file model29.csv (CSV, N, CA, C and O atoms)
chain,number,residue,atom,x,y,z
Z,1,MET,N,159.6,32.0,160.3
Z,1,MET,CA,158.3,31.8,159.7
Z,1,MET,C,157.4,33.1,159.9
Z,1,MET,O,156.7,33.5,159.0
Z,2,SER,N,157.5,33.7,161.1
Z,2,SER,CA,156.7,34.9,161.4
Z,2,SER,C,157.1,36.0,160.5
Z,2,SER,O,156.3,36.9,160.2
Z,3,LYS,N,158.4,36.1,160.2
Z,3,LYS,CA,158.9,37.1,159.3
Z,3,LYS,C,158.3,37.0,157.9
Z,3,LYS,O,157.9,38.0,157.3
Z,4,LEU,N,158.2,35.8,157.4
Z,4,LEU,CA,157.5,35.6,156.1
Z,4,LEU,C,156.1,36.0,156.1
Z,4,LEU,O,155.6,36.5,155.2
Z,5,ILE,N,155.4,35.7,157.2
Z,5,ILE,CA,154.0,36.0,157.4
Z,5,ILE,C,153.8,37.6,157.4
Z,5,ILE,O,152.9,38.1,156.7
Z,6,ILE,N,154.7,38.3,158.0
Z,6,ILE,CA,154.7,39.7,158.0
Z,6,ILE,C,154.9,40.3,156.6
Z,6,ILE,O,154.2,41.2,156.2
Z,7,ILE,N,155.8,39.7,155.9
Z,7,ILE,CA,156.1,40.2,154.5
Z,7,ILE,C,154.8,39.9,153.7
Z,7,ILE,O,154.4,40.8,152.9
Z,8,VAL,N,154.3,38.7,153.8
Z,8,VAL,CA,153.1,38.4,152.9
Z,8,VAL,C,151.9,39.3,153.3
Z,8,VAL,O,151.2,39.8,152.4
Z,9,VAL,N,151.6,39.5,154.6
Z,9,VAL,CA,150.6,40.4,155.0
Z,9,VAL,C,150.8,41.8,154.5
Z,9,VAL,O,149.9,42.5,154.0
Z,10,GLY,N,152.0,42.3,154.6
Z,10,GLY,CA,152.4,43.6,154.1
Z,10,GLY,C,152.1,43.8,152.6
Z,10,GLY,O,151.6,44.8,152.2
Z,11,MET,N,152.5,42.8,151.9
Z,11,MET,CA,152.3,42.8,150.4
Z,11,MET,C,150.8,42.8,150.1
Z,11,MET,O,150.3,43.5,149.2
Z,12,LEU,N,150.0,41.9,150.8
Z,12,LEU,CA,148.6,41.9,150.5
Z,12,LEU,C,147.9,43.2,150.9
Z,12,LEU,O,147.0,43.7,150.2
Z,13,MET,N,148.3,43.7,152.0
Z,13,MET,CA,147.7,45.0,152.4
Z,13,MET,C,148.1,46.1,151.4
Z,13,MET,O,147.3,47.0,151.1
Z,14,PHE,N,149.3,46.0,150.9
Z,14,PHE,CA,149.7,47.0,149.9
Z,14,PHE,C,148.9,46.9,148.6
Z,14,PHE,O,148.4,47.9,148.1
Z,15,VAL,N,148.7,45.7,148.2
Z,15,VAL,CA,147.9,45.5,146.9
Z,15,VAL,C,146.4,45.9,147.2
Z,15,VAL,O,145.8,46.6,146.4
Z,16,LEU,N,145.8,45.4,148.3
Z,16,LEU,CA,144.4,45.7,148.6
Z,16,LEU,C,144.2,47.1,149.0
Z,16,LEU,O,143.2,47.7,148.7
Z,17,GLY,N,145.2,47.7,149.7
Z,17,GLY,CA,145.0,49.0,150.3
Z,17,GLY,C,145.0,50.1,149.2
Z,17,GLY,O,144.4,51.2,149.4
Z,18,ASN,N,145.7,49.8,148.1
Z,18,ASN,CA,145.7,50.8,147.0
Z,18,ASN,C,144.3,51.0,146.4
Z,18,ASN,O,144.0,52.0,145.8
Z,19,ASN,N,143.5,50.0,146.5
Z,19,ASN,CA,142.1,50.1,146.0
Z,19,ASN,C,141.2,50.9,146.9
Z,19,ASN,O,140.3,51.6,146.4
Z,20,PHE,N,141.5,50.9,148.2
Z,20,PHE,CA,140.6,51.7,149.1
Z,20,PHE,C,141.0,53.1,149.3
Z,20,PHE,O,140.2,54.0,149.5
Z,21,GLU,N,142.3,53.4,149.2
Z,21,GLU,CA,142.9,54.7,149.4
Z,21,GLU,C,142.5,55.3,150.7
Z,21,GLU,O,142.2,56.5,150.8
Z,22,ASN,N,142.4,54.5,151.8
Z,22,ASN,CA,142.1,55.0,153.1
Z,22,ASN,C,143.4,55.3,153.8
Z,22,ASN,O,144.3,54.5,153.8
Z,23,PRO,N,143.6,56.5,154.4
Z,23,PRO,CA,144.9,56.8,155.0
Z,23,PRO,C,145.3,55.9,156.1
Z,23,PRO,O,146.5,55.6,156.3
Z,24,ILE,N,144.4,55.4,156.9
Z,24,ILE,CA,144.7,54.5,158.0
Z,24,ILE,C,145.2,53.2,157.4
Z,24,ILE,O,146.3,52.6,157.9
Z,25,ILE,N,144.6,52.6,156.4
Z,25,ILE,CA,145.0,51.4,155.8
Z,25,ILE,C,146.4,51.6,155.1
Z,25,ILE,O,147.3,50.7,155.2
Z,26,MET,N,146.5,52.7,154.5
Z,26,MET,CA,147.8,53.0,153.8
Z,26,MET,C,149.0,53.1,154.8
Z,26,MET,O,150.1,52.7,154.6
Z,27,PHE,N,148.7,53.7,156.0
Z,27,PHE,CA,149.7,53.8,157.1
Z,27,PHE,C,150.1,52.4,157.5
Z,27,PHE,O,151.3,52.1,157.6
Z,28,PHE,N,149.1,51.5,157.8
Z,28,PHE,CA,149.5,50.2,158.3
Z,28,PHE,C,150.2,49.4,157.2
Z,28,PHE,O,151.1,48.6,157.5
Z,29,GLU,N,149.8,49.5,155.9
Z,29,GLU,CA,150.5,48.8,154.9
Z,29,GLU,C,151.9,49.3,154.7
Z,29,GLU,O,152.8,48.5,154.5
Z,30,ALA,N,152.1,50.6,154.9
Z,30,ALA,CA,153.5,51.1,154.9
Z,30,ALA,C,154.4,50.5,156.0
Z,30,ALA,O,155.5,50.2,155.8
Z,31,VAL,N,153.7,50.4,157.2
Z,31,VAL,CA,154.5,49.8,158.3
Z,31,VAL,C,154.8,48.4,158.1
Z,31,VAL,O,156.0,47.9,158.3
Z,32,PHE,N,153.9,47.6,157.5
Z,32,PHE,CA,154.2,46.2,157.3
Z,32,PHE,C,155.2,46.0,156.2
Z,32,PHE,O,156.1,45.2,156.3
Z,33,VAL,N,155.1,46.8,155.1
Z,33,VAL,CA,156.1,46.7,154.0
Z,33,VAL,C,157.5,47.1,154.5
Z,33,VAL,O,158.5,46.5,154.2
Z,34,ALA,N,157.6,48.2,155.3
Z,34,ALA,CA,158.9,48.6,155.8
Z,34,ALA,C,159.4,47.6,156.7
Z,34,ALA,O,160.7,47.3,156.7
Z,35,THR,N,158.6,47.0,157.6
Z,35,THR,CA,159.1,45.9,158.5
Z,35,THR,C,159.6,44.7,157.7
Z,35,THR,O,160.6,44.1,158.0
Z,36,GLY,N,158.8,44.4,156.6
Z,36,GLY,CA,159.3,43.2,155.8
Z,36,GLY,C,160.6,43.5,155.1
Z,36,GLY,O,161.4,42.6,155.0
Z,37,ILE,N,160.8,44.7,154.6
Z,37,ILE,CA,162.0,45.1,153.9
Z,37,ILE,C,163.2,45.0,154.9
Z,37,ILE,O,164.2,44.5,154.6
Z,38,LEU,N,162.9,45.5,156.2
Z,38,LEU,CA,164.0,45.5,157.2
Z,38,LEU,C,164.3,44.0,157.6
Z,38,LEU,O,165.5,43.7,157.8
Z,39,PHE,N,163.3,43.2,157.6
Z,39,PHE,CA,163.6,41.7,157.9
Z,39,PHE,C,164.4,41.1,156.8
Z,39,PHE,O,165.4,40.4,157.1
Z,40,VAL,N,164.1,41.4,155.5
Z,40,VAL,CA,164.9,40.9,154.4
Z,40,VAL,C,166.3,41.4,154.5
Z,40,VAL,O,167.2,40.6,154.3
Z,41,LEU,N,166.5,42.7,154.7
Z,41,LEU,CA,167.8,43.2,154.8
Z,41,LEU,C,168.6,42.6,156.0
Z,41,LEU,O,169.8,42.3,155.8
Z,42,SER,N,168.0,42.4,157.1
Z,42,SER,CA,168.7,41.7,158.2
Z,42,SER,C,169.0,40.3,157.9
Z,42,SER,O,170.1,39.8,158.4
Z,43,GLU,N,168.2,39.6,157.2
Z,43,GLU,CA,168.5,38.2,156.8
Z,43,GLU,C,169.7,38.2,155.8
Z,43,GLU,O,170.6,37.3,155.9
Z,44,ILE,N,169.7,39.1,154.9
Z,44,ILE,CA,170.9,39.2,154.0
Z,44,ILE,C,172.1,39.5,154.7
Z,44,ILE,O,173.2,38.9,154.5
Z,45,ALA,N,172.1,40.5,155.6
Z,45,ALA,CA,173.3,40.9,156.4
Z,45,ALA,C,173.7,39.8,157.3
Z,45,ALA,O,174.9,39.7,157.6
Z,46,GLY,N,172.8,38.9,157.8
Z,46,GLY,CA,173.2,37.9,158.7
Z,46,GLY,C,173.4,36.5,158.1
Z,46,GLY,O,173.6,35.5,158.8
Z,47,TYR,N,173.5,36.5,156.8
Z,47,TYR,CA,173.7,35.2,156.1
Z,47,TYR,C,175.1,34.6,156.5
Z,47,TYR,O,176.1,35.3,156.5
Z,48,GLY,N,175.0,33.4,156.9
Z,48,GLY,CA,176.2,32.6,157.3
Z,48,GLY,C,176.7,32.9,158.7
Z,48,GLY,O,177.8,32.5,159.1
Z,49,LYS,N,176.0,33.6,159.5
Z,49,LYS,CA,176.4,34.0,160.9
Z,49,LYS,C,175.5,33.2,161.9
Z,49,LYS,O,174.5,32.6,161.5
Z,50,SER,N,176.0,33.2,163.1
Z,50,SER,CA,175.2,32.5,164.1
Z,50,SER,C,173.9,33.2,164.5
Z,50,SER,O,173.8,34.4,164.1
Z,51,GLN,N,173.0,32.5,165.1
Z,51,GLN,CA,171.7,33.1,165.5
Z,51,GLN,C,171.9,34.3,166.4
Z,51,GLN,O,171.1,35.3,166.2
Z,52,LYS,N,172.8,34.3,167.3
Z,52,LYS,CA,173.1,35.4,168.2
Z,52,LYS,C,173.5,36.6,167.4
Z,52,LYS,O,173.1,37.8,167.6
Z,53,GLU,N,174.4,36.4,166.4
Z,53,GLU,CA,174.9,37.5,165.6
Z,53,GLU,C,173.7,38.1,164.7
Z,53,GLU,O,173.6,39.3,164.5
Z,54,LYS,N,172.9,37.2,164.2
Z,54,LYS,CA,171.8,37.6,163.4
Z,54,LYS,C,170.8,38.5,164.2
Z,54,LYS,O,170.3,39.5,163.7
Z,55,ASP,N,170.5,38.0,165.4
Z,55,ASP,CA,169.6,38.8,166.3
Z,55,ASP,C,170.2,40.2,166.5
Z,55,ASP,O,169.5,41.2,166.6
Z,56,LYS,N,171.5,40.3,166.8
Z,56,LYS,CA,172.2,41.5,167.0
Z,56,LYS,C,172.1,42.4,165.8
Z,56,LYS,O,171.8,43.6,165.9
Z,57,ILE,N,172.3,41.9,164.6
Z,57,ILE,CA,172.2,42.7,163.4
Z,57,ILE,C,170.8,43.2,163.1
Z,57,ILE,O,170.6,44.3,162.8
Z,58,GLU,N,169.8,42.3,163.4
Z,58,GLU,CA,168.4,42.7,163.2
Z,58,GLU,C,168.1,43.8,164.2
Z,58,GLU,O,167.4,44.8,163.8
Z,59,ARG,N,168.5,43.7,165.4
Z,59,ARG,CA,168.2,44.8,166.4
Z,59,ARG,C,168.8,46.1,166.0
Z,59,ARG,O,168.2,47.1,166.1
Z,60,GLU,N,170.1,46.0,165.5
Z,60,GLU,CA,170.8,47.3,165.1
Z,60,GLU,C,170.1,47.9,163.9
Z,60,GLU,O,170.0,49.1,163.9
Z,61,ILE,N,169.6,47.1,162.9
Z,61,ILE,CA,169.0,47.6,161.8
Z,61,ILE,C,167.7,48.3,162.2
Z,61,ILE,O,167.4,49.5,161.7
Z,62,PHE,N,166.9,47.7,163.1
Z,62,PHE,CA,165.6,48.3,163.5
Z,62,PHE,C,165.9,49.6,164.3
Z,62,PHE,O,165.1,50.5,164.2
Z,63,GLU,N,166.9,49.6,165.2
Z,63,GLU,CA,167.3,50.7,165.9
Z,63,GLU,C,167.7,51.9,165.1
Z,63,GLU,O,167.3,53.0,165.3
Z,64,GLN,N,168.5,51.6,164.0
Z,64,GLN,CA,168.9,52.7,163.1
Z,64,GLN,C,167.7,53.2,162.3
Z,64,GLN,O,167.6,54.4,162.1
Z,65,PHE,N,166.8,52.3,161.9
Z,65,PHE,CA,165.5,52.8,161.2
Z,65,PHE,C,164.7,53.7,162.1
Z,65,PHE,O,164.2,54.7,161.7
Z,66,HIS,N,164.5,53.2,163.4
Z,66,HIS,CA,163.7,54.0,164.3
Z,66,HIS,C,164.4,55.4,164.6
Z,66,HIS,O,163.7,56.4,164.6
Z,67,LYS,N,165.7,55.4,164.7
Z,67,LYS,CA,166.4,56.6,165.0
Z,67,LYS,C,166.2,57.6,163.8
Z,67,LYS,O,166.0,58.8,163.9
Z,68,GLY,N,166.4,57.0,162.6
Z,68,GLY,CA,166.2,57.9,161.4
Z,68,GLY,C,164.8,58.4,161.2
Z,68,GLY,O,164.6,59.6,160.8
Z,69,MET,N,163.8,57.6,161.5
Z,69,MET,CA,162.4,58.0,161.4
Z,69,MET,C,162.1,59.1,162.4
Z,69,MET,O,161.3,60.0,162.1
Z,70,THR,N,162.5,58.9,163.6
Z,70,THR,CA,162.2,60.0,164.6
Z,70,THR,C,163.0,61.3,164.3
Z,70,THR,O,162.4,62.3,164.5
Z,71,ARG,N,164.1,61.2,163.7
Z,71,ARG,CA,164.9,62.4,163.3
Z,71,ARG,C,164.1,63.0,162.2
Z,71,ARG,O,163.9,64.3,162.1
Z,72,ARG,N,163.6,62.3,161.2
Z,72,ARG,CA,162.8,62.8,160.1
Z,72,ARG,C,161.5,63.4,160.6
Z,72,ARG,O,161.1,64.5,160.1
Z,73,THR,N,160.9,62.8,161.6
Z,73,THR,CA,159.6,63.4,162.1
Z,73,THR,C,159.9,64.7,162.8
Z,73,THR,O,159.1,65.6,162.6
Z,74,ARG,N,161.0,64.8,163.6
Z,74,ARG,CA,161.3,66.0,164.2
Z,74,ARG,C,161.6,67.1,163.2
Z,74,ARG,O,161.2,68.3,163.3
Z,75,TYR,N,162.3,66.8,162.1
Z,75,TYR,CA,162.6,67.7,161.1
Z,75,TYR,C,161.3,68.2,160.4
Z,75,TYR,O,161.2,69.5,160.2
Z,76,ASP,N,160.4,67.3,160.1
Z,76,ASP,CA,159.2,67.8,159.5
Z,76,ASP,C,158.4,68.7,160.4
Z,76,ASP,O,157.8,69.7,160.0
Z,77,LEU,N,158.3,68.3,161.7
Z,77,LEU,CA,157.6,69.1,162.6
Z,77,LEU,C,158.2,70.5,162.7
Z,77,LEU,O,157.5,71.5,162.7
Z,78,ASN,N,159.5,70.6,162.9
Z,78,ASN,CA,160.2,71.9,163.0
Z,78,ASN,C,160.0,72.7,161.7
Z,78,ASN,O,159.8,73.9,161.7
Z,79,LYS,N,160.0,72.0,160.5
Z,79,LYS,CA,159.8,72.7,159.3
Z,79,LYS,C,158.4,73.3,159.2
Z,79,LYS,O,158.2,74.4,158.7
Z,80,ARG,N,157.4,72.5,159.6
Z,80,ARG,CA,156.0,73.1,159.6
Z,80,ARG,C,155.9,74.3,160.6
Z,80,ARG,O,155.2,75.2,160.2
Z,81,ILE,N,156.5,74.2,161.7
Z,81,ILE,CA,156.4,75.3,162.7
Z,81,ILE,C,157.0,76.5,162.1
Z,81,ILE,O,156.5,77.6,162.2
Z,82,MET,N,158.2,76.4,161.5
Z,82,MET,CA,158.9,77.5,160.9
Z,82,MET,C,158.1,78.1,159.7
Z,82,MET,O,158.0,79.3,159.6
Z,83,ASN,N,157.5,77.2,158.9
Z,83,ASN,CA,156.7,77.7,157.8
Z,83,ASN,C,155.5,78.4,158.3
Z,83,ASN,O,155.1,79.5,157.7
Z,84,ASP,N,154.8,78.0,159.4
Z,84,ASP,CA,153.7,78.7,159.9
Z,84,ASP,C,154.1,80.0,160.4
Z,84,ASP,O,153.4,81.0,160.3
Z,85,GLN,N,155.3,80.1,161.1
Z,85,GLN,CA,155.7,81.4,161.6
Z,85,GLN,C,156.0,82.3,160.5
Z,85,GLN,O,155.7,83.5,160.5
Z,86,ILE,N,156.7,81.8,159.4
Z,86,ILE,CA,157.0,82.7,158.3
Z,86,ILE,C,155.7,83.2,157.6
Z,86,ILE,O,155.6,84.3,157.2
Z,87,ASN,N,154.7,82.3,157.5
Z,87,ASN,CA,153.5,82.7,156.9
Z,87,ASN,C,152.8,83.7,157.7
Z,87,ASN,O,152.2,84.6,157.1
Z,88,ASN,N,152.8,83.6,159.0
Z,88,ASN,CA,152.2,84.6,159.9
Z,88,ASN,C,152.9,85.9,159.8
Z,88,ASN,O,152.2,87.0,159.7
Z,89,ASP,N,154.2,85.9,159.7
Z,89,ASP,CA,155.0,87.1,159.5
Z,89,ASP,C,154.6,87.8,158.1
Z,89,ASP,O,154.5,89.0,158.1
Z,90,ILE,N,154.5,87.0,157.1
Z,90,ILE,CA,154.1,87.5,155.8
Z,90,ILE,C,152.7,88.2,155.8
Z,90,ILE,O,152.5,89.3,155.3
Z,91,LYS,N,151.8,87.5,156.5
Z,91,LYS,CA,150.4,88.0,156.6
Z,91,LYS,C,150.5,89.4,157.4
Z,91,LYS,O,149.8,90.3,157.0
Z,92,ASP,N,151.2,89.4,158.4
Z,92,ASP,CA,151.3,90.7,159.2
Z,92,ASP,C,151.9,91.8,158.4
Z,92,ASP,O,151.4,92.9,158.4
Z,93,ASN,N,153.0,91.5,157.6
Z,93,ASN,CA,153.6,92.5,156.8
Z,93,ASN,C,152.6,93.0,155.7
Z,93,ASN,O,152.6,94.2,155.4
Z,94,ILE,N,151.9,92.1,155.1
Z,94,ILE,CA,150.9,92.5,154.1
Z,94,ILE,C,149.8,93.3,154.7
Z,94,ILE,O,149.4,94.4,154.1
Z,95,ALA,N,149.3,92.9,155.9
Z,95,ALA,CA,148.3,93.7,156.6
Z,95,ALA,C,148.8,95.1,156.9
Z,95,ALA,O,148.1,96.1,156.7
Z,96,LYS,N,150.1,95.2,157.4
Z,96,LYS,CA,150.6,96.5,157.7
Z,96,LYS,C,150.8,97.4,156.4
Z,96,LYS,O,150.5,98.6,156.4
Z,97,GLY,N,151.2,96.7,155.3
Z,97,GLY,CA,151.4,97.4,154.1
Z,97,GLY,C,150.0,98.0,153.5
Z,97,GLY,O,149.9,99.1,153.0
Z,98,ILE,N,149.0,97.2,153.7
Z,98,ILE,CA,147.6,97.6,153.2
Z,98,ILE,C,147.2,98.8,154.1
Z,98,ILE,O,146.6,99.7,153.6
Z,99,ASN,N,147.4,98.7,155.4
Z,99,ASN,CA,147.0,99.8,156.3
Z,99,ASN,C,147.7,101.0,156.0
Z,99,ASN,O,147.1,102.1,156.0
Z,100,ARG,N,149.0,101.0,155.7
Z,100,ARG,CA,149.8,102.2,155.3
Z,100,ARG,C,149.3,102.8,154.0
Z,100,ARG,O,149.2,104.0,153.9
Z,101,SER,N,149.1,101.9,153.0
Z,101,SER,CA,148.7,102.4,151.7
Z,101,SER,C,147.2,103.0,151.8
Z,101,SER,O,147.0,103.9,151.0
Z,102,SER,N,146.4,102.5,152.6
Z,102,SER,CA,145.0,103.0,152.7
Z,102,SER,C,145.0,104.4,153.4
Z,102,SER,O,144.1,105.2,153.1
Z,103,ARG,N,145.9,104.6,154.2
Z,103,ARG,CA,146.0,105.9,154.9
Z,103,ARG,C,146.4,107.1,154.0
Z,103,ARG,O,146.0,108.2,154.2
Z,104,ASN,N,147.2,106.7,153.0
Z,104,ASN,CA,147.8,107.7,152.1
Z,104,ASN,C,146.7,108.2,151.1
Z,104,ASN,O,146.9,109.3,150.5
Z,105,LYS,N,145.6,107.5,150.9
Z,105,LYS,CA,144.6,107.9,149.9
Z,105,LYS,C,143.7,109.0,150.4
Z,105,LYS,O,143.3,109.4,151.3

call {"tool": "encode", "arguments": {"input": "model29.csv", "output": "structure tokens"}}
result
Amino acid sequence: MSKLIIIVVGMLMFVLGNNFENPIIMFFEAVFVATGILFVLSEIAGYGKSQKEKDKIEREIFEQFHKGMTRRTRYDLNKRIMNDQINNDIKDNIAKGINRSSRNK
């Protein structure tokens, strides 16, 4: 029953959150919707199995999701750091080029 409530709350937040376009509300609606989707997938995967097996499947699905999201977050962070470094290198090269060309005049 609690899983159904999470899904309903997530869908309501999704519908109402699109009207507000507030980043905090959008973050929480994404969390609720993702959690609801994972609950539905775990129920489908656990169909016809004992409660112990269902709990194990649910735990594994959430662990894989968490692992994938942390990997994605690390990738995005490293990508931003590298882009900042590349942008700084480009700025330095442009500044050096301008300084060299201004000396020749």

call {"tool": "atom_distance", "arguments": {"input": "model29.csv", "atom1": "atom C of Ile5 (chain Z)", "atom2": "atom N of Thr73 (chain Z)"}}
result
26.5 Å

call {"tool": "closest_residue", "arguments": {"input": "model29.csv", "among": "Z:Val33, Z:Leu77, Z:Asn22, Z:Phe28", "to": "Ile6 (chain Z)", "atoms": "only C-alpha atoms"}}
result
Z:Val33

call {"tool": "atom_distance", "arguments": {"input": "model29.csv", "atom1": "atom O of Ile25 (chain Z)", "atom2": "atom O of Gly10 (chain Z)"}}
result
7.9 Å

call {"tool": "atom_distance", "arguments": {"input": "model29.csv", "atom1": "atom N of Val15 (chain Z)", "atom2": "CA of Gly36 (chain Z)"}}
result
13.3 Å

call {"tool": "closest_residue", "arguments": {"input": "model29.csv", "among": "Z:Asp84, Z:Glu21, Z:Asp92, Z:Glu43", "to": "Arg59 (chain Z)", "atoms": "only C-alpha atoms"}}
result
Z:Glu43

call {"tool": "residues_around", "arguments": {"input": "model29.csv", "residues": "Ala45 (chain Z)", "least_positions_apart": "4", "cutoff": "10 Å", "atoms": "only C-alpha atoms", "output": "PDB file with N, CA, C and O atoms, in the frame of the given file"}}
result
ATOM      1  N   PHE Z  39     163.300  43.200 157.600  1.00  0.00           N
ATOM      2  CA  PHE Z  39     163.600  41.700 157.900  1.00  0.00           C
ATOM      3  C   PHE Z  39     164.400  41.100 156.800  1.00  0.00           C
ATOM      4  O   PHE Z  39     165.400  40.400 157.100  1.00  0.00           O
ATOM      5  N   VAL Z  40     164.100  41.400 155.500  1.00  0.00           N
ATOM      6  CA  VAL Z  40     164.900  40.900 154.400  1.00  0.00           C
ATOM      7  C   VAL Z  40     166.300  41.400 154.500  1.00  0.00           C
ATOM      8  O   VAL Z  40     167.200  40.600 154.300  1.00  0.00           O
ATOM      9  N   LEU Z  41     166.500  42.700 154.700  1.00  0.00           N
ATOM     10  CA  LEU Z  41     167.800  43.200 154.800  1.00  0.00           C
ATOM     11  C   LEU Z  41     168.600  42.600 156.000  1.00  0.00           C
ATOM     12  O   LEU Z  41     169.800  42.300 155.800  1.00  0.00           O
ATOM     13  N   LYS Z  49     176.000  33.600 159.500  1.00  0.00           N
ATOM     14  CA  LYS Z  49     176.400  34.000 160.900  1.00  0.00           C
ATOM     15  C   LYS Z  49     175.500  33.200 161.900  1.00  0.00           C
ATOM     16  O   LYS Z  49     174.500  32.600 161.500  1.00  0.00           O
ATOM     17  N   GLU Z  53     174.400  36.400 166.400  1.00  0.00           N
ATOM     18  CA  GLU Z  53     174.900  37.500 165.600  1.00  0.00           C
ATOM     19  C   GLU Z  53     173.700  38.100 164.700  1.00  0.00           C
ATOM     20  O   GLU Z  53     173.600  39.300 164.500  1.00  0.00           O
ATOM     21  N   LYS Z  54     172.900  37.200 164.200  1.00  0.00           N
ATOM     22  CA  LYS Z  54     171.800  37.600 163.400  1.00  0.00           C
ATOM     23  C   LYS Z  54     170.800  38.500 164.200  1.00  0.00           C
ATOM     24  O   LYS Z  54     170.300  39.500 163.700  1.00  0.00           O
ATOM     25  N   ILE Z  57     172.300  41.900 164.600  1.00  0.00           N
ATOM     26  CA  ILE Z  57     172.200  42.700 163.400  1.00  0.00           C
ATOM     27  C   ILE Z  57     170.800  43.200 163.100  1.00  0.00           C
ATOM     28  O   ILE Z  57     170.600  44.300 162.800  1.00  0.00           O
ATOM     29  N   GLU Z  58     169.800  42.300 163.400  1.00  0.00           N
ATOM     30  CA  GLU Z  58     168.400  42.700 163.200  1.00  0.00           C
ATOM     31  C   GLU Z  58     168.100  43.800 164.200  1.00  0.00           C
ATOM     32  O   GLU Z  58     167.400  44.800 163.800  1.00  0.00           O
ATOM     33  N   ILE Z  61     169.600  47.100 162.900  1.00  0.00           N
ATOM     34  CA  ILE Z  61     169.000  47.600 161.800  1.00  0.00           C
ATOM     35  C   ILE Z  61     167.700  48.300 162.200  1.00  0.00           C
ATOM     36  O   ILE Z  61     167.400  49.500 161.700  1.00  0.00           O
TER      37      ILE Z  61
END

call {"tool": "closest_residue", "arguments": {"input": "model29.csv", "among": "Z:Lys79, Z:Leu12, Z:Ile7, Z:Ser42", "to": "Phe62 (chain Z)", "atoms": "only N, CA, C and O atoms"}}
result
Z:Ser42

call {"tool": "closest_residue", "arguments": {"input": "model29.csv", "among": "Z:Gly46, Z:Ala95, Z:Arg100, Z:Thr35", "to": "Lys3 (chain Z)", "atoms": "all atoms listed in the file"}}
result
Z:Thr35
